[in-house]
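A.B. asks: This structure is in structure tokens; I'll ask about it shortly.
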Amino acid sequence: MSESLLDRHHYLLRRLHSLSGIMPAGAFLISHLTTNSAILWGHANGKWDGMHGGAAEFQHEVSFIHSIPFLLLIEIFGLWIPIAFHALLGIYYARSGKSNLASYGYGGNLRYSLQRISGYIGLIFILYHVATLRWGWTFLVPGGTEWSAEFAGSTMGAIMQGSPDGFTAMGFAIACFYFLGVTLLVYHFANGLWTAAITWGLTISEAAQKRWGYVCAGLGVGLMFAGWAAIIGFAALDVDKARETEMQMIESHAATPEQADTLSTATSKEDH
Amino acid sequence: MTAQQQSNGTTATPAESAGTRTVRFRIKRQDGPGKPVRWETFNVPVQASSAGSGSANVISCLQWIAANPKTTEGKDSTPVVFDCGCLEEVCGACTMVINGKVRQACSCLMDDYAPNDGDEVMLEPMSKFPVVRDLFVDRRRLFDTLKRVKAWVPIDGTYDLGAGPNETPDDQQDRYRLSTCMSCGCCLEACPQYTLEDDEAKWATSFAGAAVISQVQYFNDHRTGATLKKKRLDEMSKPGGVSDCGNAQNCVQVCPKEIPLTESIGKVGRAVTFHNIRKFFSGS
């Protein structure tokens, strides 16, 4: 008659599952996608004169993240374990239901099914993404490029394009997989935030759920654009130009835009 | 049919009786639990409602089949077994899956579902409850779960209850909507999170479903019923409780009584959150 561990702490685990999806996973997704979208909008702030602004701004962000002390521990305990917990329990919970979209094609039912599908595909994507870029499983990367924190933009561009010399068919497939994975994960987060509010009892009335739905949809659309911007930015990146920029930054140790300003002044002087 | 026309009055003229059409019923049949499933079709003559017979519904058609159990292939069959009671959509007994969607058979009118000659109507038993025979299912799990959450107001007669609690019309109106639940099972049939469970031993840990969660809210909201609030919320915190809801919200779409089931789920969800935070810090 002994209850299983899962049954005994059923409620706590359910709530931790919900919580882990928002914090840290969702919160990280927001910062991750806004950071990565810098590859596209990095030109906009005009601080990287004479350089590839996107690559420079992105490198600046990556360098900052990699300057955080005990980064690996933070990753393991702050990201990988909570995400693995969320994923494993999520699969266990998802298997308790059975989609019936064919008979009951309501919007809510579609979101329910999509939440589970996006979870499954999203997990595969995250595993691939982390294994290839963080754990160095380059045998899974077409073209075999290894991502480097010092050459963040150029290596990422080469990975997503399939080679350092431009797009290949496999590179296009990887870019598509990134597009699919990011899109589904953003949906998973936005919809999860909407259902979490019901689960925890924050939104009760239909009107409240609708209002919160607009907030979640707004956040989702914003994040979707950030995610797509990052993918387009890397897929369309001039890898050589980005690498030149990164080299310049390494040579001048330009970790901040202010330093980069000095650098660009220096390089423009050399031109004369 | 002549006898039926006569019993319905003498207003039928030859022109109106020409308004009789044939509706083909495709019915999923099963002789008993664990027995093989087969499909049978029956042609049922249905009169246009202008013929003065009123509108035929699924129950009246099943009754016609019971009197004429011959399939479209001309094979002798047996009357199709089904459950029904009130015939006015308040008892929930005749709930079945009609054309792929769950609803009550008695309120399912042929004028809506099969307006033209030769139209087909498909009948299946609910898929989330064990089949007893044909369209008749065993909904005991639902009643079992209602007992588990103590879906009643405790009045055992051992003490003087005194005057009843004061009641505002607003509260009364809120609860009235929840009181109209007839435990028909539509919300459970349409719920992707509520799945068939033949094993009675597992009912206690299988998802309770919207109908039961809504009854928890109904009785917790009642001043005397709230005596058992903590016990109900404890049940709702266990496996099968409110946190197993997947928020597909099909329940509220298919509820024939238009009960705000998702609001009940939200309210019970909130109550369970507070209940467990309180328990975490104070123990009960």
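Just so we're on the same page: first chain in the structure tokens is A, next is B, and so on; residues restart at 1 for each chain, and ligands are numbered from 1 in the order they show up.
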Could you tell me which residues of chain A sit within 9 Å of chain B when counting only C-alpha atoms, and give me the result as a PyMOL selection string?
C.D. replies: chain A and resi 6-12+14-15+93-94+96-113+195+197-206
A.B. asks: Going by DSSP on the backbone, which bits of segment 40-162 of chain B are strand (DSSP E)? Write them as a list in words, please.
C.D. replies: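 Answer for segment 40-162 of chain B, restricted to strand (DSSP E): Glu40, Thr41, Phe42, Asn43, Val44, Pro45, Val46, Thr95, Met96, Val97, Ile98, Lys101, Val102, Arg103, Gln104, Glu120, Val121, Met122, Leu123, Glu124, Val131, Val132, Arg133, Phe136 and Val137 of chain B.
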A.B. asks: For those residues, write C-alpha atoms to a file as a short mmCIF file (atom, residue, chain, number, x, y, z; two decimals), in the first residue's frame.
C.D. replies:
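And here's again.cif as it stands now:
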```
data_model
loop_
_atom_site.label_atom_id
_atom_site.label_comp_id
_atom_site.auth_asym_id
_atom_site.auth_seq_id
_atom_site.Cartn_x
_atom_site.Cartn_y
_atom_site.Cartn_z
CA GLU B 40 -24.89 -1.93 -37.25
CA THR B 41 -27.03 0.39 -39.34
CA PHE B 42 -30.77 0.87 -39.08
CA ASN B 43 -33.11 2.89 -41.29
CA VAL B 44 -35.63 4.78 -39.20
CA PRO B 45 -38.61 6.59 -40.72
CA VAL B 46 -38.88 10.08 -39.27
CA THR B 95 -25.56 10.87 -22.50
CA MET B 96 -23.82 9.35 -25.52
CA VAL B 97 -21.52 10.30 -28.36
CA ILE B 98 -23.59 11.49 -31.31
CA LYS B 101 -19.54 14.68 -29.96
CA VAL B 102 -20.91 13.95 -26.53
CA ARG B 103 -24.42 15.15 -25.59
CA GLN B 104 -27.79 13.97 -24.33
CA GLU B 120 -26.86 9.50 -41.27
CA VAL B 121 -26.55 9.80 -37.50
CA MET B 122 -23.74 7.98 -35.72
CA LEU B 123 -24.23 6.77 -32.15
CA GLU B 124 -21.46 5.56 -29.86
CA VAL B 131 -19.52 -0.14 -21.53
CA VAL B 132 -22.27 -2.27 -19.97
CA ARG B 133 -23.92 -2.97 -23.29
CA PHE B 136 -25.27 1.95 -21.95
CA VAL B 137 -22.19 2.79 -19.86
#
```
A.B. asks: If DSSP is run on the backbone, what residues of segment 98-214 of chain A are alpha helix (DSSP H)? A reply as a PyMOL selection string would be ideal.
C.D. replies: chain A and resi 107-133+152-161+169-199+206-214
A.B. asks: So that I can check the surroundings of segment 163-175 of chain A, please list as a compact mmCIF listing (two decimals) with C-alpha atoms, in the first residue's frame every protein, DNA and RNA residue that reaches within 12 Å of it, counting only C-alpha atoms and ignoring chain neighbours fewer than 4 positions away.
C.D. replies:
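selection.txt was written with the following content:
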```txt
# COMPACT_ATOMS: atom_id res chain seq x y z
CA PHE A 125 15.75 20.99 -29.72
CA TYR A 128 20.59 19.34 -29.58
CA HIS A 129 21.21 23.04 -28.99
CA THR A 132 26.29 21.00 -29.97
CA LEU A 140 26.10 16.68 -34.84
CA VAL A 141 26.94 19.98 -36.55
CA PRO A 142 26.94 19.98 -40.37
CA GLY A 143 30.32 21.40 -41.35
CA GLY A 144 31.66 20.51 -37.90
CA THR A 145 32.09 24.08 -36.65
CA GLU A 146 32.71 24.31 -32.92
CA TRP A 147 31.08 27.21 -31.15
CA GLY A 153 28.75 35.39 -33.64
CA SER A 154 30.96 34.06 -36.43
CA THR A 155 30.97 30.46 -35.20
CA MET A 156 27.21 30.56 -34.59
CA GLY A 157 26.72 31.96 -38.10
CA ALA A 158 28.86 29.20 -39.58
CA ILE A 159 26.93 26.56 -37.60
CA PHE A 179 13.23 28.32 -36.32
CA LEU A 180 10.86 25.48 -35.40
CA GLY A 181 12.43 24.83 -32.00
CA VAL A 182 12.51 28.49 -30.94
CA GLY A 227 13.89 34.67 -31.47
CA TRP A 228 13.28 35.05 -35.19
CA ALA A 230 18.35 36.05 -33.78
CA ILE A 231 17.88 33.24 -36.31
CA ILE A 232 17.67 35.62 -39.27
CA GLY A 233 20.68 37.52 -37.90
CA PHE A 234 22.83 34.38 -37.71
CA ALA A 235 21.54 32.88 -40.95
CA ALA A 236 22.27 36.08 -42.85
CA LEU A 237 25.52 36.88 -41.03
CA ASP A 238 28.62 37.77 -42.99
CA VAL A 239 30.82 35.27 -41.15
CA ASP A 240 34.14 36.77 -42.33
CA LYS A 241 33.17 40.31 -41.34
CA ALA A 242 31.93 39.04 -37.97
CA ARG A 243 35.21 37.21 -37.40
```
A.B. asks: Near segment 48-61 of chain A, within 6 Å and counting only C-alpha atoms, which residues show up once chain neighbours fewer than 6 positions away are dropped, as number ranges by chain?
C.D. replies: A: 38-40, 42, 152-153, 242, 245, 255
A.B. asks: Could you write out the selected residues, including N, CA and C atoms, as a compact mmCIF listing (two decimals), in the first residue's frame?
C.D. replies:
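Saved the output as selection.txt:
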```txt
# COMPACT_ATOMS: atom_id res chain seq x y z
N ALA A 38 20.53 40.45 -30.49
CA ALA A 38 21.50 41.53 -30.70
C ALA A 38 22.24 41.37 -32.02
N ILE A 39 22.34 40.13 -32.50
CA ILE A 39 23.06 39.88 -33.75
C ILE A 39 22.39 40.65 -34.89
N LEU A 40 21.08 40.94 -34.74
CA LEU A 40 20.38 41.69 -35.78
C LEU A 40 20.33 43.19 -35.46
N GLY A 42 22.15 44.84 -33.26
CA GLY A 42 23.39 45.38 -32.71
C GLY A 42 23.90 46.60 -33.46
N ALA A 152 31.87 34.27 -30.84
CA ALA A 152 30.50 33.83 -30.63
C ALA A 152 29.64 33.95 -31.90
N GLY A 153 29.62 35.14 -32.49
CA GLY A 153 28.75 35.39 -33.64
C GLY A 153 29.19 34.62 -34.88
N ALA A 242 32.15 39.24 -39.40
CA ALA A 242 31.93 39.04 -37.97
C ALA A 242 33.23 38.59 -37.30
N THR A 245 35.62 41.44 -36.84
CA THR A 245 35.18 42.25 -35.71
C THR A 245 35.60 41.61 -34.39
N ALA A 255 35.77 44.85 -24.08
CA ALA A 255 34.63 44.16 -23.49
C ALA A 255 33.43 45.07 -23.36
```
A.B. asks: Considering only C-alpha atoms, state which residue in the set B:Leu188, B:Cys251, B:Ala105, B:Ala226 is at the smallest distance from Ala208 of chain B.
C.D. replies: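 Distance minimum relative to Ala208 of chain B lands on B:Leu188.
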A.B. asks: Hey, which of A:Arg95, A:Leu33, A:Ala44, A:Ile68 ends up closest to Phe225 of chain A? Count only C-alpha atoms.
C.D. replies: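 Between A:Arg95, A:Leu33, A:Ala44, A:Ile68, the residue approaching Phe225 of chain A most closely is A:Leu33.
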A.B. asks: Go ahead and compute the interatomic distance for atom CA of Val58 of chain B and atom CA of Val81 of chain B, in Å to one decimal.
C.D. replies: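 Going from atom CA of Val58 of chain B over to atom CA of Val81 of chain B covers 12.8 Å.
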A.B. asks: Identify which of the residues B:Leu87, B:Ile277, B:Ala66, B:Leu261 lies closest to Arg177 of chain B, counting only C-alpha atoms when measuring atom-to-atom distances.
C.D. replies: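 Nearest to Arg177 of chain B: B:Leu261.
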A.B. asks: Between atom CA of Ala204 of chain B and atom CA of Arg232 of chain B, what distance in Å does the model show, to one decimal?
C.D. replies: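 We find that atom CA of Ala204 of chain B and atom CA of Arg232 of chain B lie 13.3 Å from each other.
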A.B. asks: Counting only C-alpha atoms, figure out which residue out of B:Val153, B:Leu196, B:Cys255, B:Leu161 gets nearest to Cys181 of chain B.
C.D. replies: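 Of B:Val153, B:Leu196, B:Cys255, B:Leu161, the one nearest Cys181 of chain B is B:Cys255, counting only C-alpha atoms.
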